[in-house]
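The structure file run23.pdb is reproduced below (PDB, C-alpha atoms).
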ATOM      1  CA  MET A   1       2.766  74.051 -65.959
ATOM      2  CA  ASP A   2       5.888  75.371 -64.227
ATOM      3  CA  ALA A   3       7.898  72.948 -62.144
ATOM      4  CA  PRO A   4       7.247  74.586 -58.723
ATOM      5  CA  GLU A   5       3.503  74.646 -59.336
ATOM      6  CA  GLU A   6       3.576  70.966 -60.278
ATOM      7  CA  ARG A   7       5.459  70.092 -57.099
ATOM      8  CA  ILE A   8       3.071  72.111 -54.949
ATOM      9  CA  LEU A   9       0.093  70.503 -56.627
ATOM     10  CA  THR A  10       1.518  67.017 -56.048
ATOM     11  CA  ASN A  11       1.959  67.747 -52.352
ATOM     12  CA  LEU A  12      -1.492  69.264 -51.932
ATOM     13  CA  ARG A  13      -3.137  66.306 -53.656
ATOM     14  CA  LYS A  14      -1.418  63.902 -51.269
ATOM     15  CA  GLY A  15      -3.461  65.225 -48.382
ATOM     16  CA  VAL A  16      -6.884  65.307 -50.020
ATOM     17  CA  LEU A  17      -6.950  62.683 -52.760
ATOM     18  CA  GLU A  18      -8.189  59.773 -50.638
ATOM     19  CA  PHE A  19     -11.151  61.853 -49.452
ATOM     20  CA  CYS A  20     -12.064  62.797 -52.990
ATOM     21  CA  VAL A  21     -12.026  59.102 -53.881
ATOM     22  CA  LEU A  22     -14.209  58.261 -50.882
ATOM     23  CA  ALA A  23     -16.620  61.054 -51.837
ATOM     24  CA  TYR A  24     -16.880  59.745 -55.414
ATOM     25  CA  LEU A  25     -17.707  56.317 -54.026
ATOM     26  CA  GLN A  26     -20.287  57.769 -51.641
ATOM     27  CA  ALA A  27     -22.119  59.143 -54.687
ATOM     28  CA  GLY A  28     -22.369  55.596 -56.016
ATOM     29  CA  ARG A  29     -20.297  52.443 -56.438
ATOM     30  CA  THR A  30     -17.827  52.693 -59.329
ATOM     31  CA  TYR A  31     -15.406  50.483 -61.202
ATOM     32  CA  GLY A  32     -11.713  51.276 -61.432
ATOM     33  CA  LEU A  33     -11.500  52.517 -64.994
ATOM     34  CA  ASP A  34     -14.369  54.968 -64.558
ATOM     35  CA  LEU A  35     -12.959  56.329 -61.295
ATOM     36  CA  ALA A  36      -9.464  56.676 -62.782
ATOM     37  CA  ARG A  37     -10.754  58.579 -65.804
ATOM     38  CA  ARG A  38     -12.832  60.994 -63.731
ATOM     39  CA  LEU A  39      -9.963  61.690 -61.330
ATOM     40  CA  GLU A  40      -7.543  62.234 -64.200
ATOM     41  CA  THR A  41      -9.996  64.579 -65.942
ATOM     42  CA  ASP A  42     -10.379  66.540 -62.716
ATOM     43  CA  ARG A  43      -6.574  66.586 -62.492
ATOM     44  CA  LEU A  44      -6.618  65.028 -59.068
ATOM     45  CA  ILE A  45      -4.176  62.354 -60.221
ATOM     46  CA  ALA A  46      -1.257  62.752 -62.633
ATOM     47  CA  SER A  47      -1.756  59.371 -64.329
ATOM     48  CA  GLU A  48      -4.539  56.802 -64.082
ATOM     49  CA  GLY A  49      -2.359  54.066 -62.612
ATOM     50  CA  THR A  50      -1.588  56.005 -59.442
ATOM     51  CA  LEU A  51      -5.196  55.499 -58.300
ATOM     52  CA  TYR A  52      -4.678  51.798 -57.667
ATOM     53  CA  PRO A  53      -2.106  51.912 -54.840
ATOM     54  CA  LEU A  54      -4.505  54.275 -53.070
ATOM     55  CA  LEU A  55      -7.473  51.960 -53.626
ATOM     56  CA  ALA A  56      -5.418  49.027 -52.325
ATOM     57  CA  ARG A  57      -4.591  50.954 -49.163
ATOM     58  CA  LEU A  58      -8.185  52.134 -48.638
ATOM     59  CA  ARG A  59      -9.369  48.559 -49.041
ATOM     60  CA  SER A  60      -6.876  47.145 -46.553
ATOM     61  CA  ALA A  61      -7.818  49.952 -44.141
ATOM     62  CA  GLY A  62     -11.469  48.879 -44.403
ATOM     63  CA  MET A  63     -12.720  52.125 -45.988
ATOM     64  CA  VAL A  64     -13.589  50.521 -49.290
ATOM     65  CA  GLU A  65     -14.961  47.152 -50.377
ATOM     66  CA  THR A  66     -14.926  45.419 -53.733
ATOM     67  CA  GLU A  67     -17.502  43.216 -55.401
ATOM     68  CA  TRP A  68     -17.840  41.581 -58.791
ATOM     69  CA  VAL A  69     -20.990  42.617 -60.631
ATOM     70  CA  GLU A  70     -22.364  41.105 -63.820
ATOM     71  CA  SER A  71     -22.801  43.776 -66.452
ATOM     72  CA  ASP A  72     -24.539  43.987 -69.836
ATOM     73  CA  ALA A  73     -21.083  44.405 -71.340
ATOM     74  CA  GLY A  74     -20.728  40.662 -70.850
ATOM     75  CA  ARG A  75     -17.734  40.505 -68.575
ATOM     76  CA  PRO A  76     -18.216  40.911 -64.809
ATOM     77  CA  ARG A  77     -16.756  44.118 -63.421
ATOM     78  CA  LYS A  78     -14.997  44.818 -60.165
ATOM     79  CA  TYR A  79     -16.879  47.570 -58.332
ATOM     80  CA  TYR A  80     -15.604  49.613 -55.414
ATOM     81  CA  THR A  81     -18.041  50.686 -52.686
ATOM     82  CA  LEU A  82     -17.727  52.855 -49.606
ATOM     83  CA  THR A  83     -17.976  51.130 -46.230
ATOM     84  CA  ASN A  84     -19.480  52.622 -43.060
ATOM     85  CA  LEU A  85     -15.977  53.173 -41.759
ATOM     86  CA  GLY A  86     -15.115  54.996 -44.966
ATOM     87  CA  ALA A  87     -18.215  57.181 -44.644
ATOM     88  CA  GLU A  88     -17.274  58.085 -41.056
ATOM     89  CA  TYR A  89     -13.739  58.917 -42.158
ATOM     90  CA  LEU A  90     -15.096  61.118 -44.952
ATOM     91  CA  ASP A  91     -17.361  62.976 -42.499
ATOM     92  CA  ALA A  92     -14.377  63.608 -40.246
ATOM     93  CA  PHE A  93     -12.549  65.074 -43.229
ATOM     94  CA  ARG A  94     -15.486  67.336 -44.042
ATOM     95  CA  SER A  95     -15.469  68.724 -40.499
ATOM     96  CA  ALA A  96     -11.769  69.419 -40.703
ATOM     97  CA  TRP A  97     -11.656  70.659 -44.291
ATOM     98  CA  ALA A  98     -14.205  73.483 -44.414
ATOM     99  CA  PRO A  99     -12.667  75.644 -41.660
ATOM    100  CA  LEU A 100      -9.139  74.895 -42.897
ATOM    101  CA  ARG A 101     -10.029  75.789 -46.465
ATOM    102  CA  ASP A 102     -11.577  79.078 -45.354
ATOM    103  CA  THR A 103      -8.598  79.947 -43.163
ATOM    104  CA  VAL A 104      -6.085  79.201 -45.905
ATOM    105  CA  ASP A 105      -8.095  81.177 -48.466
ATOM    106  CA  ARG A 106      -8.254  84.135 -46.138
ATOM    107  CA  THR A 107      -4.579  83.891 -45.242
ATOM    108  CA  VAL A 108      -3.132  83.612 -48.728
ATOM    109  CA  ARG A 109      -5.477  86.039 -50.404
ATOM    110  CA  ARG A 110      -3.484  88.676 -52.245
ATOM    111  CA  PRO A 111      -3.692  92.038 -50.560
ATOM    112  CA  SER A 112      -5.780  94.245 -52.822
TER
ATOM    113  CA  MET B   1     -12.653  38.088 -64.483
ATOM    114  CA  THR B   2     -10.062  38.207 -67.212
ATOM    115  CA  PRO B   3      -6.906  36.389 -66.128
ATOM    116  CA  ALA B   4      -3.775  38.461 -66.685
ATOM    117  CA  SER B   5      -2.523  35.798 -69.108
ATOM    118  CA  GLN B   6      -5.165  36.848 -71.615
ATOM    119  CA  LEU B   7      -3.805  40.373 -71.835
ATOM    120  CA  PRO B   8      -1.609  41.350 -74.786
ATOM    121  CA  ILE B   9       2.155  41.018 -74.371
ATOM    122  CA  GLU B  10       2.876  44.707 -73.761
ATOM    123  CA  ALA B  11       0.319  44.804 -70.963
ATOM    124  CA  ARG B  12       1.741  41.647 -69.369
ATOM    125  CA  THR B  13       5.302  42.996 -69.570
ATOM    126  CA  TRP B  14       4.131  46.271 -68.034
ATOM    127  CA  LEU B  15       2.378  44.439 -65.173
ATOM    128  CA  ASP B  16       5.445  42.254 -64.597
ATOM    129  CA  ASP B  17       7.500  45.436 -64.310
ATOM    130  CA  VAL B  18       5.123  46.803 -61.650
ATOM    131  CA  GLU B  19       5.229  43.470 -59.827
ATOM    132  CA  ARG B  20       9.013  43.401 -59.816
ATOM    133  CA  ARG B  21       9.315  46.966 -58.562
ATOM    134  CA  THR B  22       6.820  46.419 -55.755
ATOM    135  CA  ALA B  23       8.463  43.200 -54.487
ATOM    136  CA  PRO B  24       9.209  44.661 -51.012
ATOM    137  CA  LEU B  25       5.509  45.293 -50.345
ATOM    138  CA  PRO B  26       3.415  42.865 -48.266
ATOM    139  CA  ASP B  27       1.904  40.178 -50.500
ATOM    140  CA  ASP B  28      -1.786  41.122 -50.154
ATOM    141  CA  ASP B  29      -1.134  44.777 -50.916
ATOM    142  CA  ARG B  30       0.850  43.907 -53.993
ATOM    143  CA  ARG B  31      -1.738  41.362 -55.131
ATOM    144  CA  GLU B  32      -4.575  43.862 -54.711
ATOM    145  CA  LEU B  33      -2.634  46.519 -56.619
ATOM    146  CA  LEU B  34      -1.852  44.197 -59.519
ATOM    147  CA  ALA B  35      -5.444  42.919 -59.581
ATOM    148  CA  GLY B  36      -6.758  46.487 -59.806
ATOM    149  CA  LEU B  37      -4.348  47.343 -62.613
ATOM    150  CA  ALA B  38      -5.080  44.107 -64.510
ATOM    151  CA  GLU B  39      -8.808  44.789 -64.264
ATOM    152  CA  HIS B  40      -8.281  48.361 -65.505
ATOM    153  CA  LEU B  41      -6.301  47.009 -68.457
ATOM    154  CA  ALA B  42      -8.866  44.320 -69.269
ATOM    155  CA  GLU B  43     -11.746  46.796 -69.106
ATOM    156  CA  SER B  44      -9.962  49.389 -71.312
ATOM    157  CA  LEU B  45      -8.863  46.854 -73.904
ATOM    158  CA  ASP B  46     -12.349  45.318 -74.017
ATOM    159  CA  GLY B  47     -13.622  48.788 -74.822
ATOM    160  CA  GLY B  48     -11.388  48.740 -77.899
ATOM    161  CA  ALA B  49      -8.564  51.027 -76.814
ATOM    162  CA  ALA B  50      -5.054  50.358 -78.138
ATOM    163  CA  PRO B  51      -2.653  48.814 -75.593
ATOM    164  CA  ALA B  52      -0.013  51.498 -76.121
ATOM    165  CA  GLU B  53      -2.497  54.261 -75.378
ATOM    166  CA  VAL B  54      -3.934  52.529 -72.306
ATOM    167  CA  LEU B  55      -0.435  51.980 -70.898
ATOM    168  CA  ALA B  56       0.525  55.601 -71.616
ATOM    169  CA  ARG B  57      -2.501  56.827 -69.671
ATOM    170  CA  LEU B  58      -1.789  54.445 -66.808
ATOM    171  CA  GLY B  59       1.684  55.905 -66.412
ATOM    172  CA  SER B  60       5.067  54.356 -65.771
ATOM    173  CA  PRO B  61       5.533  51.282 -63.541
ATOM    174  CA  ARG B  62       8.097  53.344 -61.684
ATOM    175  CA  ASP B  63       5.579  56.069 -60.757
ATOM    176  CA  ILE B  64       3.026  53.494 -59.688
ATOM    177  CA  ALA B  65       5.566  51.650 -57.548
ATOM    178  CA  ASP B  66       6.607  54.985 -55.984
ATOM    179  CA  GLN B  67       2.976  55.708 -55.192
ATOM    180  CA  ALA B  68       2.577  52.232 -53.669
ATOM    181  CA  PHE B  69       5.572  52.774 -51.371
ATOM    182  CA  GLN B  70       4.213  56.184 -50.391
ATOM    183  CA  GLN B  71       0.838  54.690 -49.518
ATOM    184  CA  HIS B  72       2.499  51.977 -47.494
ATOM    185  CA  HIS B  73       4.596  54.573 -45.682
ATOM    186  CA  GLN B  74       1.499  56.622 -44.933
ATOM    187  CA  GLN B  75      -0.333  53.613 -43.553
ATOM    188  CA  ASN B  76       2.471  51.867 -41.681
ATOM    189  CA  GLY B  77       5.174  54.470 -41.133
ATOM    190  CA  VAL B  78       7.811  52.272 -42.788
ATOM    191  CA  ASP B  79       9.675  53.212 -45.957
ATOM    192  CA  LEU B  80      10.169  50.061 -48.034
ATOM    193  CA  ARG B  81      11.832  51.610 -51.059
ATOM    194  CA  ALA B  82      15.011  49.823 -52.113
ATOM    195  CA  ARG B  83      18.106  51.359 -50.633
ATOM    196  CA  TYR B  84      21.682  50.927 -51.786
ATOM    197  CA  PHE B  85      22.913  50.255 -48.245
ATOM    198  CA  ASN B  86      21.389  47.420 -46.256
ATOM    199  CA  ALA B  87      22.672  44.403 -44.341
ATOM    200  CA  LYS B  88      23.557  42.538 -47.524
ATOM    201  CA  ARG B  89      25.514  45.450 -48.961
ATOM    202  CA  VAL B  90      27.323  46.179 -45.697
ATOM    203  CA  THR B  91      28.355  42.530 -45.387
ATOM    204  CA  GLN B  92      29.780  42.626 -48.901
ATOM    205  CA  TYR B  93      31.791  45.725 -48.051
ATOM    206  CA  VAL B  94      33.070  43.868 -44.991
ATOM    207  CA  ALA B  95      34.083  40.966 -47.266
ATOM    208  CA  ALA B  96      35.968  43.355 -49.554
ATOM    209  CA  ALA B  97      37.683  44.989 -46.569
ATOM    210  CA  LEU B  98      38.699  41.580 -45.177
ATOM    211  CA  ALA B  99      40.049  40.574 -48.592
ATOM    212  CA  LEU B 100      42.045  43.805 -48.749
ATOM    213  CA  ALA B 101      43.420  43.251 -45.235
ATOM    214  CA  ALA B 102      44.402  39.693 -46.162
ATOM    215  CA  ALA B 103      46.119  40.836 -49.349
ATOM    216  CA  LEU B 104      48.036  43.559 -47.510
ATOM    217  CA  ALA B 105      49.055  41.137 -44.762
ATOM    218  CA  ILE B 106      50.401  38.680 -47.299
ATOM    219  CA  ALA B 107      52.158  41.340 -49.342
ATOM    220  CA  LEU B 108      53.701  43.352 -46.532
ATOM    221  CA  LEU B 109      54.318  41.068 -43.586
ATOM    222  CA  PRO B 110      57.829  39.640 -43.595
ATOM    223  CA  SER B 111      56.657  36.126 -42.974
ATOM    224  CA  TYR B 112      57.583  34.167 -46.041
ATOM    225  CA  ILE B 113      60.449  31.795 -45.870
ATOM    226  CA  GLN B 114      61.724  29.915 -48.885
ATOM    227  CA  VAL B 115      64.187  27.123 -48.390
ATOM    228  CA  SER B 116      66.045  25.810 -51.399
ATOM    229  CA  THR B 117      68.941  23.458 -51.940
ATOM    230  CA  THR B 118      71.831  24.653 -54.108
ATOM    231  CA  SER B 119      73.654  22.427 -56.559
ATOM    232  CA  ASP B 120      76.451  21.651 -54.142
ATOM    233  CA  GLY B 121      74.014  20.503 -51.472
ATOM    234  CA  GLN B 122      73.952  23.684 -49.444
ATOM    235  CA  GLU B 123      70.675  24.862 -48.022
ATOM    236  CA  SER B 124      69.805  28.411 -48.786
ATOM    237  CA  ILE B 125      67.188  30.272 -46.832
ATOM    238  CA  THR B 126      65.548  33.384 -48.158
ATOM    239  CA  SER B 127      63.071  35.287 -46.087
ATOM    240  CA  GLY B 128      61.074  38.424 -46.455
ATOM    241  CA  THR B 129      57.634  39.361 -47.637
ATOM    242  CA  VAL B 130      55.997  37.197 -50.247
ATOM    243  CA  LEU B 131      56.522  39.895 -52.857
ATOM    244  CA  GLU B 132      60.219  40.191 -52.093
ATOM    245  CA  VAL B 133      60.767  36.465 -52.265
ATOM    246  CA  VAL B 134      58.420  35.357 -54.981
ATOM    247  CA  GLY B 135      58.249  38.444 -57.152
ATOM    248  CA  ILE B 136      56.165  41.530 -57.774
ATOM    249  CA  TRP B 137      53.991  39.622 -60.254
ATOM    250  CA  PHE B 138      52.377  38.057 -57.207
ATOM    251  CA  LEU B 139      50.341  41.248 -56.830
ATOM    252  CA  LEU B 140      48.286  39.993 -59.752
ATOM    253  CA  VAL B 141      47.460  36.832 -57.841
ATOM    254  CA  LEU B 142      46.510  38.876 -54.772
ATOM    255  CA  ALA B 143      44.301  41.077 -56.912
ATOM    256  CA  ILE B 144      42.084  38.118 -57.810
ATOM    257  CA  PRO B 145      40.293  37.719 -54.464
ATOM    258  CA  LEU B 146      40.022  41.522 -54.183
ATOM    259  CA  ILE B 147      38.247  41.745 -57.523
ATOM    260  CA  LEU B 148      36.039  38.778 -56.632
ATOM    261  CA  ALA B 149      34.992  40.356 -53.327
ATOM    262  CA  ALA B 150      34.314  43.719 -54.988
ATOM    263  CA  LEU B 151      32.254  42.163 -57.787
ATOM    264  CA  PRO B 152      28.787  42.588 -56.227
ATOM    265  CA  LEU B 153      29.397  46.084 -54.823
ATOM    266  CA  SER B 154      28.264  48.035 -57.845
ATOM    267  CA  ALA B 155      25.340  45.798 -58.711
ATOM    268  CA  THR B 156      21.768  46.828 -58.091
ATOM    269  CA  GLY B 157      18.599  45.245 -59.379
ATOM    270  CA  ARG B 158      18.535  41.827 -61.003
ATOM    271  CA  ALA B 159      22.305  41.360 -61.343
ATOM    272  CA  TRP B 160      22.985  41.694 -57.639
ATOM    273  CA  GLN B 161      22.157  38.214 -56.383
ATOM    274  CA  PRO B 162      23.786  36.303 -59.294
ATOM    275  CA  LEU B 163      26.931  38.390 -58.823
ATOM    276  CA  SER B 164      26.834  37.762 -55.068
ATOM    277  CA  ILE B 165      26.681  34.014 -55.669
ATOM    278  CA  VAL B 166      29.461  34.053 -58.282
ATOM    279  CA  SER B 167      31.635  36.106 -55.928
ATOM    280  CA  ALA B 168      31.096  33.754 -52.977
ATOM    281  CA  VAL B 169      31.662  30.592 -55.030
ATOM    282  CA  LEU B 170      34.851  31.820 -56.732
ATOM    283  CA  LEU B 171      36.244  33.153 -53.443
ATOM    284  CA  SER B 172      35.602  29.759 -51.884
ATOM    285  CA  ILE B 173      37.449  28.041 -54.717
ATOM    286  CA  PHE B 174      40.347  30.477 -54.374
ATOM    287  CA  ALA B 175      40.518  29.892 -50.627
ATOM    288  CA  LEU B 176      40.420  26.112 -51.144
ATOM    289  CA  VAL B 177      42.912  25.922 -53.989
ATOM    290  CA  GLY B 178      45.324  28.190 -52.150
ATOM    291  CA  SER B 179      44.667  26.618 -48.767
ATOM    292  CA  LEU B 180      48.174  25.204 -48.528
ATOM    293  CA  SER B 181      49.687  28.636 -48.905
ATOM    294  CA  ILE B 182      47.901  31.978 -48.971
ATOM    295  CA  GLY B 183      44.348  30.706 -49.431
ATOM    296  CA  TRP B 184      43.400  30.539 -45.774
ATOM    297  CA  TYR B 185      44.155  34.265 -45.284
ATOM    298  CA  PHE B 186      41.045  34.870 -47.385
ATOM    299  CA  VAL B 187      38.741  32.609 -45.405
ATOM    300  CA  PRO B 188      37.225  35.479 -43.363
ATOM    301  CA  ALA B 189      36.401  37.384 -46.559
ATOM    302  CA  THR B 190      34.948  34.198 -48.081
ATOM    303  CA  ILE B 191      32.748  33.621 -45.051
ATOM    304  CA  ALA B 192      31.445  37.211 -45.223
ATOM    305  CA  ALA B 193      30.724  36.781 -48.941
ATOM    306  CA  ILE B 194      28.807  33.545 -48.291
ATOM    307  CA  VAL B 195      26.771  35.126 -45.477
ATOM    308  CA  ALA B 196      25.909  38.030 -47.792
ATOM    309  CA  VAL B 197      24.433  35.612 -50.356
ATOM    310  CA  PHE B 198      21.790  34.574 -47.830
ATOM    311  CA  LEU B 199      20.855  38.087 -46.724
ATOM    312  CA  PRO B 200      17.801  39.603 -48.426
ATOM    313  CA  ARG B 201      18.205  42.103 -51.235
ATOM    314  CA  HIS B 202      15.557  44.366 -49.786
ATOM    315  CA  PRO B 203      13.674  44.691 -46.514
ATOM    316  CA  ARG B 204      10.567  42.519 -46.307
ATOM    317  CA  THR B 205       8.069  43.268 -43.618
ATOM    318  CA  HIS B 206       5.012  41.263 -42.769
ATOM    319  CA  TYR B 207       2.160  42.823 -40.914
ATOM    320  CA  ARG B 208      -0.965  41.524 -39.373
ATOM    321  CA  ARG B 209      -3.779  43.626 -40.660
ATOM    322  CA  GLY B 210      -5.453  45.574 -37.863
ATOM    323  CA  ALA B 211      -9.203  45.496 -37.442
TER
END

Rewritten as structure tokens:
Amino acid sequence: MDAPEERILTNLRKGVLEFCVLAYLQAGRTYGLDLARRLETDRLIASEGTLYPLLARLRSAGMVETEWVESDAGRPRKYYTLTNLGAEYLDAFRSAWAPLRDTVDRTVRRPS
Amino acid sequence: MTPASQLPIEARTWLDDVERRTAPLPDDDRRELLAGLAEHLAESLDGGAAPAEVLARLGSPRDIADQAFQQHHQQNGVDLRARYFNAKRVTQYVAAALALAAALAIALLPSYIQVSTTSDGQESITSGTVLEVVGIWFLLVLAIPLILAALPLSATGRAWQPLSIVSAVLLSIFALVGSLSIGWYFVPATIAAIVAVFLPRHPRTHYRRGA
């Protein structure tokens, strides 16, 4: 990937990443490793570790909660879940995103 | 819950690196970040992955610390990344400037008087600047406190505080030892150097978490 595209991508992700994380959690509680892998596969984060500062912030902002769950794997796992506040915040994003996305698409579309 | 101490050495070193780089962050944020990373490491390694590969996929401690400062900035509007210039650094520059001023005053002010008795009992009085009377080699002596004051200026990271302490202690000794002659000229610089030792290396901010 060229350098300018990488920079642009990094900046675009900054705005939307937290909402993607909240949406993943709305679909079902997840543990860190699983979330990190999915985000990295979807190329929403550059490296798995950069998820954790975001999770820490979302938790301190009350959007996300953690709980330890016993698993068949033997060791208890730390699961992240969406709070009501987080769900409200995600809904607010959805309201803002759809019209913005359409406007930007329309605006930057290459003239045919 | 796997305690971090049970992780292999490369993972522990990597986590320590993240911890060190995120020192300016509020304690709970840093603790939560490290806990998340430790859990990620424990879970991956339990699954049988090689430490080197897991750490490569996690990314560099530097990138993670950068991300942590960005998140903090987004949340609180304060940029906590380490800066070269802060109160500590400025104070050390002040110490170096005071040392330079003292050295110049000693070298250039015609204030030194040397009285000596000649062999036939006559008193001879020589006056001028210290350099004129004592000799140009005295510049080397004057250079000592200058070098001591400048010692911490180029340091960043771990060496900074030890160098700050060494600088302050040696300047104090110089000022004391030379207190009967030129030493007390360097007292202002010594005081600035001592004050700088007690100033924090980086900004620390403590917040009360909002509801």

Pick out the residues sitting within 8 Å of Val54 in chain B, and hand them over as a PDB file with C-alpha atoms, in the frame of the given file; count all atoms listed in the file, and ignore anything fewer than 5 positions along from it in its own chain.
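Generated output (around-v2.pdb):
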ATOM      1  CA  LEU B  41      -6.301  47.009 -68.457  1.00  0.00           C
ATOM      2  CA  SER B  44      -9.962  49.389 -71.312  1.00  0.00           C
ATOM      3  CA  LEU B  45      -8.863  46.854 -73.904  1.00  0.00           C
ATOM      4  CA  ALA B  49      -8.564  51.027 -76.814  1.00  0.00           C
TER       5      ALA B  49
END

Counting all atoms listed in the file, find residues at most 12 Å from (-9.5, 66.8, -53.5) (file frame) and give them as number ranges by chain.
A: 9-24, 39-40, 42-45, 90, 93-94, 97, 101

Compile the contact shell of Lys78 in chain A as a count of residues only: residues with an atom at most 9 Å away, counting only C-alpha atoms, same-chain residues fewer than 3 positions apart removed.
10

When you get a sec, could you note down which chain A residues fall within 7 Å of chain B, using all atoms listed in the file, as a ChimeraX atom specification?
/A:32-33,47-50,52-54,56-57,75-76

Using C-alpha atoms, can you write the selected residues to a file as a CSV table (one decimal), in the coordinates of the input?
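Wrote selection-v1.csv, looks like this:
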chain,number,residue,atom,x,y,z
A,32,GLY,CA,-11.7,51.3,-61.4
A,33,LEU,CA,-11.5,52.5,-65.0
A,47,SER,CA,-1.8,59.4,-64.3
A,48,GLU,CA,-4.5,56.8,-64.1
A,49,GLY,CA,-2.4,54.1,-62.6
A,50,THR,CA,-1.6,56.0,-59.4
A,52,TYR,CA,-4.7,51.8,-57.7
A,53,PRO,CA,-2.1,51.9,-54.8
A,54,LEU,CA,-4.5,54.3,-53.1
A,56,ALA,CA,-5.4,49.0,-52.3
A,57,ARG,CA,-4.6,51.0,-49.2
A,75,ARG,CA,-17.7,40.5,-68.6
A,76,PRO,CA,-18.2,40.9,-64.8

Counting all atoms listed in the file, what is within 7 Å of Val197 in chain B, bar same-chain residues fewer than 6 positions away, as a short mmCIF file (atom, residue, chain, number, x, y, z; two decimals) with C-alpha atoms, in the frame of the given file?
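Generated file (selection.cif):
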data_model
loop_
_atom_site.label_atom_id
_atom_site.label_comp_id
_atom_site.auth_asym_id
_atom_site.auth_seq_id
_atom_site.Cartn_x
_atom_site.Cartn_y
_atom_site.Cartn_z
CA GLN B 161 22.16 38.21 -56.38
CA SER B 164 26.83 37.76 -55.07
CA ILE B 165 26.68 34.01 -55.67
#

I'd like to know which of B:Val134, B:Leu142, B:Leu15, B:Val169 is closest to Arg62 in chain B, using all atoms listed in the file.
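Looking only at the distances to Arg62 in chain B, the closest residue turns out to be B:Leu15.
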
What does the structure give for the distance between CA of Arg12 in chain B and CA of Ala52 in chain B, in Å to one decimal?
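These two atoms are separated by 12.1 Å.
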
Go through B:Ala107, B:Leu171, B:Ala192, B:Val90 one by one, measure the shortest atom-to-atom distance of each to Trp137 in chain B using all atoms listed in the file, and give the residue with the smallest value.
B:Ala107

Just the number, please: distance in Å from CA of Glu88 in chain A to CA of Thr103 in chain A, one decimal.
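So the answer is 23.6 Å.
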
Picked residues, the PyMOL selection byres ((chain B and resi 20-24) around 7), as a ChimeraX atom specification:
/B:16-19,25-26,30,65,80,202-204
